[in-house]
Amino acid sequence: MGRDLAEAFAPARATFEAIDAALDQPITPVMWEGPEELLQRTEYAQPAILAHSAAVLATVGDRLGLVQGAAGHSLGEYSAYVAAGTFSATAAARLVRTRGRLMSEAGARRPGAMAAVLGLPSAEVERICRDSTGNGDPGMVVAANLNTADQTVISGDPAAVIRAGEACKAAGAKRVQPLKVSGAFHSPLMAPAALGLRAVLDRADCGEPRFPVVANATAEPVRTARDARRLLIEQLTAPVRWVDCVHRLAELAPGAGYVEIGPGTVLGGLLKRILPEPEYLSLGTAKEVERFLA
């Protein structure tokens, strides 16, 4: 994960080295050597993904041209703020290391679950979540990630997630897929993590964004450091309004192309289901970066 970038590009290598030095434990040994089960733990996965994205940004940033706006899905919002200059790569890596630990601890104190609901309109999933919470039934469940018009992730207490998932199937969902997670992310169950993150973000070096970053929690552009801090805290317990975020980016910069920075092309897949024929480029591997820079 990112090793090819470090071997091919000095700016990427320097970024990985700086992030390793900034963390209480270096992240690249786990990224490059495993074990995979350790890398999948949220307190390792979050700084690893951030480091990978920051390494790409350090390599291609000067060649991206005029950036008119950015957004990131959940953890990716921190990478968007790195791109906008709000956080340095090292400061963001420290923040997401802490964020991951806080989320993991919140999940250990009150175990939660998440599931992807496919093939059912998000509004219907949200209604089912409301109906599956309360009324004497145990636990609560919310729509946590509104990824496309018919792909929604639900999150909450395990019993309520199962109950809502069954109701979604009965309502016509093509599939309900449980996710391997350590907690009910983007739900009220993450409130203890949000409280801890507030204390950390209040002390973090945070500059004004050079360009707007569309916030997950509101799908509105963030233009100040103060709002960035506030909405990153809110993000932990609020849904990721990804469809609205993409549409807001399109309004900010009509006709602009989209560049996905970091590991994988998941957001590119979602983008193509949200906007008609968007111009899209993925920059995550050394080969992709080499083609871009050529």
# chains A, B, ... in the order shown; residues from 1 in each chain; ligands from 1
$ closest_atom_pairs --of "region 169-282 of chain A" --to "region 51-62 of chain A" --cutoff "12 Å" --atoms "only C-alpha atoms" --output "Markdown table"
| residue | atom | partner | partner_atom | distance |
| --- | --- | --- | --- | --- |
| A:Val259 | CA | A:Leu57 | CA | 10.9 |
| A:Glu260 | CA | A:Ser53 | CA | 9.2 |
| A:Ile261 | CA | A:Ser53 | CA | 5.6 |
| A:Gly262 | CA | A:Ser53 | CA | 4.0 |
| A:Pro263 | CA | A:His52 | CA | 6.7 |
| A:Gly264 | CA | A:Ser53 | CA | 10.3 |
| A:Ser282 | CA | A:Val56 | CA | 10.7 |
$ residues_around --residues "Gly85 (chain A)" --least-positions-apart "6" --cutoff "7 Å" --atoms "only C-alpha atoms" --output "list in words"
Gly207, Pro209 and Arg210 of chain A
$ closest_residue --among "A:Ala48, A:Val161, A:Ala167, A:Val181" --to "Gly107 (chain A)" --atoms "only C-alpha atoms"
A:Val181
$ closest_atom_pairs --of "region 14-131 of chain A" --to "region 236-243 of chain A" --cutoff "12 Å" --atoms "only C-alpha atoms" --output "tab-separated table"
residue	atom	partner	partner_atom	distance
A:Ala71	CA	A:Trp242	CA	9.0
A:Gly72	CA	A:Trp242	CA	8.7
A:His73	CA	A:Trp242	CA	7.0
A:Ser74	CA	A:Val240	CA	6.6
A:Leu75	CA	A:Leu236	CA	9.7
A:Gly76	CA	A:Val240	CA	11.0
A:Glu77	CA	A:Val240	CA	10.3
A:Val96	CA	A:Leu236	CA	11.9
A:Arg99	CA	A:Leu236	CA	9.2
A:Gly100	CA	A:Leu236	CA	10.8
A:Leu102	CA	A:Leu236	CA	10.4
A:Met103	CA	A:Leu236	CA	8.5
A:Ala106	CA	A:Leu236	CA	11.1
A:Ser122	CA	A:Val243	CA	10.2
A:Glu126	CA	A:Pro239	CA	10.8
$ write_last_selection --atoms "N, CA and C atoms" --output "CSV table (one decimal), in the first residue's frame"
chain,number,residue,atom,x,y,z
A,71,ALA,N,-13.6,17.3,-1.9
A,71,ALA,CA,-14.4,16.6,-0.9
A,71,ALA,C,-13.8,15.3,-0.6
A,72,GLY,N,-14.0,14.7,0.5
A,72,GLY,CA,-13.5,13.4,0.8
A,72,GLY,C,-14.6,12.6,1.6
A,73,HIS,N,-14.7,11.3,1.4
A,73,HIS,CA,-15.7,10.5,2.0
A,73,HIS,C,-15.2,10.0,3.4
A,74,SER,N,-15.9,10.5,4.4
A,74,SER,CA,-15.5,10.1,5.8
A,74,SER,C,-14.1,10.5,6.1
A,75,LEU,N,-13.2,9.5,6.3
A,75,LEU,CA,-11.8,9.8,6.6
A,75,LEU,C,-11.2,10.7,5.5
A,76,GLY,N,-11.7,10.5,4.3
A,76,GLY,CA,-11.1,11.2,3.1
A,76,GLY,C,-11.3,12.7,3.2
A,77,GLU,N,-12.2,13.2,4.1
A,77,GLU,CA,-12.4,14.6,4.3
A,77,GLU,C,-11.1,15.3,4.8
A,96,VAL,N,-5.9,11.7,12.5
A,96,VAL,CA,-6.7,10.6,12.1
A,96,VAL,C,-6.2,9.3,12.9
A,99,ARG,N,-8.3,9.9,15.9
A,99,ARG,CA,-9.7,9.6,15.5
A,99,ARG,C,-10.0,8.1,15.4
A,100,GLY,N,-9.1,7.4,14.8
A,100,GLY,CA,-9.3,5.9,14.7
A,100,GLY,C,-9.3,5.3,16.1
A,102,LEU,N,-10.2,6.7,18.9
A,102,LEU,CA,-11.4,7.1,19.6
A,102,LEU,C,-12.6,6.3,19.1
A,103,MET,N,-12.7,6.1,17.8
A,103,MET,CA,-13.8,5.4,17.2
A,103,MET,C,-13.8,3.9,17.6
A,106,ALA,N,-14.9,3.8,21.2
A,106,ALA,CA,-16.4,3.9,21.3
A,106,ALA,C,-17.1,2.7,20.9
A,122,SER,N,-32.6,5.8,-1.3
A,122,SER,CA,-32.1,6.3,0.0
A,122,SER,C,-33.2,6.8,0.9
A,126,GLU,N,-33.9,5.6,4.7
A,126,GLU,CA,-34.0,6.5,5.8
A,126,GLU,C,-35.4,6.3,6.6
$ residues_around --residues "region 183-198 of chain A" --least-positions-apart "4" --cutoff "9 Å" --atoms "only C-alpha atoms" --output "PyMOL selection string"
chain A and resi 74+95+98-108+110-114+140-145+154-158+202-203+229-230+232-240
$ residues_around --residues "Gln68 (chain A)" --least-positions-apart "5" --cutoff "10 Å" --atoms "only C-alpha atoms" --output "ChimeraX atom specification"
/A:84,210-213,249,252-254,256
$ select_by_dssp --residues "region 168-266 of chain A" --states "strand (DSSP E or B)" --output "ChimeraX atom specification"
/A:175-178,213-214,221-222,240,258-261
$ residues_around --residues "Gly165 (chain A)" --least-positions-apart "2" --cutoff "10 Å" --atoms "only C-alpha atoms" --output "MDAnalysis selection string"
chainID A and resid 114:117 125 128:129 132 141 154 159:163 167:171 173 175:178
$ residues_around --residues "Asp4 (chain A)" --least-positions-apart "2" --cutoff "10 Å" --atoms "only C-alpha atoms" --output "VMD selection string"
chain A and resid 1 to 2 6 to 9 12 to 13 32 284 to 287
$ closest_residue --among "A:Met31, A:Leu231, A:Ala149, A:Ala217" --to "Arg273 (chain A)" --atoms "only C-alpha atoms"
A:Ala149
$ atom_distance --atom1 "CA of Gly172 (chain A)" --atom2 "CA of Glu277 (chain A)"
27.9 Å
$ select_by_dssp --residues "region 24-258 of chain A" --states "helix (DSSP H, G or I)" --output "number ranges by chain"
A: 28-33, 36-39, 42-63, 76-83, 89-109, 122-131, 158-170, 188-203, 225-235, 242-252
$ write_last_selection --atoms "C-alpha atoms" --output "CSV table (one decimal), in the first residue's frame"
chain,number,residue,atom,x,y,z
A,28,THR,CA,4.6,2.3,6.8
A,29,PRO,CA,5.8,-1.1,8.2
A,30,VAL,CA,2.2,-2.1,8.6
A,31,MET,CA,1.3,-0.7,5.2
A,32,TRP,CA,4.1,-2.5,3.4
A,33,GLU,CA,4.6,-5.6,5.3
A,36,GLU,CA,-3.3,-7.4,6.9
A,37,GLU,CA,-5.6,-7.9,9.9
A,38,LEU,CA,-3.6,-5.2,11.8
A,39,LEU,CA,-3.9,-2.8,8.8
A,42,THR,CA,-9.4,1.5,12.1
A,43,GLU,CA,-6.6,3.0,14.2
A,44,TYR,CA,-4.1,1.8,11.6
A,45,ALA,CA,-6.3,2.0,8.5
A,46,GLN,CA,-7.1,5.7,8.9
A,47,PRO,CA,-3.5,7.0,9.1
A,48,ALA,CA,-2.5,4.5,6.4
A,49,ILE,CA,-5.1,5.8,3.9
A,50,LEU,CA,-4.2,9.4,4.9
A,51,ALA,CA,-0.5,8.8,4.3
A,52,HIS,CA,-1.1,7.2,0.9
A,53,SER,CA,-3.3,10.2,-0.2
A,54,ALA,CA,-0.8,12.7,1.2
A,55,ALA,CA,2.1,11.0,-0.7
A,56,VAL,CA,0.2,11.3,-4.0
A,57,LEU,CA,-0.6,14.9,-3.3
A,58,ALA,CA,3.0,15.7,-2.5
A,59,THR,CA,4.0,14.2,-5.9
A,60,VAL,CA,1.4,15.7,-8.2
A,61,GLY,CA,0.1,18.8,-6.3
A,62,ASP,CA,1.9,21.3,-8.5
A,63,ARG,CA,0.6,19.7,-11.7
A,76,GLY,CA,-11.1,11.2,3.1
A,77,GLU,CA,-12.4,14.6,4.3
A,78,TYR,CA,-9.1,15.0,6.2
A,79,SER,CA,-7.1,14.4,2.9
A,80,ALA,CA,-9.3,17.0,1.2
A,81,TYR,CA,-8.2,19.5,3.9
A,82,VAL,CA,-4.6,18.5,3.4
A,83,ALA,CA,-5.0,19.3,-0.3
A,89,ALA,CA,0.1,16.0,6.2
A,90,THR,CA,1.8,15.2,9.5
A,91,ALA,CA,-0.8,17.1,11.5
A,92,ALA,CA,-3.6,15.3,9.7
A,93,ALA,CA,-1.9,11.9,10.2
A,94,ARG,CA,-1.8,12.5,14.0
A,95,LEU,CA,-5.4,13.6,14.0
A,96,VAL,CA,-6.7,10.6,12.1
A,97,ARG,CA,-4.6,8.2,14.3
A,98,THR,CA,-6.4,9.7,17.3
A,99,ARG,CA,-9.7,9.6,15.5
A,100,GLY,CA,-9.3,5.9,14.7
A,101,ARG,CA,-8.5,5.1,18.3
A,102,LEU,CA,-11.4,7.1,19.6
A,103,MET,CA,-13.8,5.4,17.2
A,104,SER,CA,-12.4,2.0,18.1
A,105,GLU,CA,-12.8,2.7,21.8
A,106,ALA,CA,-16.4,3.9,21.3
A,107,GLY,CA,-17.2,0.7,19.4
A,108,ALA,CA,-15.7,-1.4,22.2
A,109,ARG,CA,-17.8,0.4,24.8
A,122,SER,CA,-32.1,6.3,0.0
A,123,ALA,CA,-35.3,8.0,1.1
A,124,GLU,CA,-36.9,4.7,1.7
A,125,VAL,CA,-33.9,3.4,3.6
A,126,GLU,CA,-34.0,6.5,5.8
A,127,ARG,CA,-37.7,5.9,6.5
A,128,ILE,CA,-37.1,2.3,7.4
A,129,CYS,CA,-34.4,3.3,9.8
A,130,ARG,CA,-36.7,5.7,11.5
A,131,ASP,CA,-39.4,3.0,11.8
A,158,PRO,CA,-26.6,-4.7,16.0
A,159,ALA,CA,-30.2,-5.7,16.7
A,160,ALA,CA,-31.6,-2.6,15.1
A,161,VAL,CA,-29.3,-2.9,12.0
A,162,ILE,CA,-30.6,-6.5,11.5
A,163,ARG,CA,-34.2,-5.4,12.0
A,164,ALA,CA,-33.8,-2.5,9.5
A,165,GLY,CA,-31.9,-4.7,7.0
A,166,GLU,CA,-34.8,-7.3,7.0
A,167,ALA,CA,-37.3,-4.5,6.5
A,168,CYS,CA,-35.2,-3.2,3.5
A,169,LYS,CA,-35.2,-6.6,1.9
A,170,ALA,CA,-39.0,-6.8,2.4
A,188,PRO,CA,-25.1,8.7,17.5
A,189,LEU,CA,-23.2,5.7,18.9
A,190,MET,CA,-20.0,7.6,18.1
A,191,ALA,CA,-20.8,10.5,20.4
A,192,PRO,CA,-18.0,9.6,22.9
A,193,ALA,CA,-15.5,9.7,20.0
A,194,ALA,CA,-16.8,13.1,18.9
A,195,LEU,CA,-16.3,14.4,22.4
A,196,GLY,CA,-12.6,13.2,22.5
A,197,LEU,CA,-12.0,14.5,19.0
A,198,ARG,CA,-13.2,18.0,19.9
A,199,ALA,CA,-10.4,18.3,22.5
A,200,VAL,CA,-7.8,17.2,19.9
A,201,LEU,CA,-9.0,19.4,17.1
A,202,ASP,CA,-9.2,22.4,19.3
A,203,ARG,CA,-5.4,22.2,19.8
A,225,ALA,CA,-10.7,26.9,9.7
A,226,ARG,CA,-13.3,27.3,12.4
A,227,ASP,CA,-16.0,25.6,10.4
A,228,ALA,CA,-13.6,22.9,9.3
A,229,ARG,CA,-13.0,22.0,13.0
A,230,ARG,CA,-16.7,22.1,13.9
A,231,LEU,CA,-17.9,20.0,11.0
A,232,LEU,CA,-15.1,17.4,11.3
A,233,ILE,CA,-16.4,16.8,14.9
A,234,GLU,CA,-20.0,16.7,13.7
A,235,GLN,CA,-19.0,14.3,10.9
A,242,TRP,CA,-22.0,11.9,-0.5
A,243,VAL,CA,-24.6,12.3,-3.3
A,244,ASP,CA,-25.3,15.9,-2.1
A,245,CYS,CA,-21.5,16.5,-1.8
A,246,VAL,CA,-20.9,15.5,-5.4
A,247,HIS,CA,-23.7,17.7,-6.7
A,248,ARG,CA,-22.5,20.6,-4.6
A,249,LEU,CA,-19.0,20.2,-6.1
A,250,ALA,CA,-20.6,20.2,-9.6
A,251,GLU,CA,-22.4,23.5,-8.7
A,252,LEU,CA,-19.1,25.0,-7.4
$ closest_residue --among "A:Leu283, A:Val222, A:Cys206, A:Ala215" --to "Thr86 (chain A)" --atoms "only C-alpha atoms"
A:Cys206
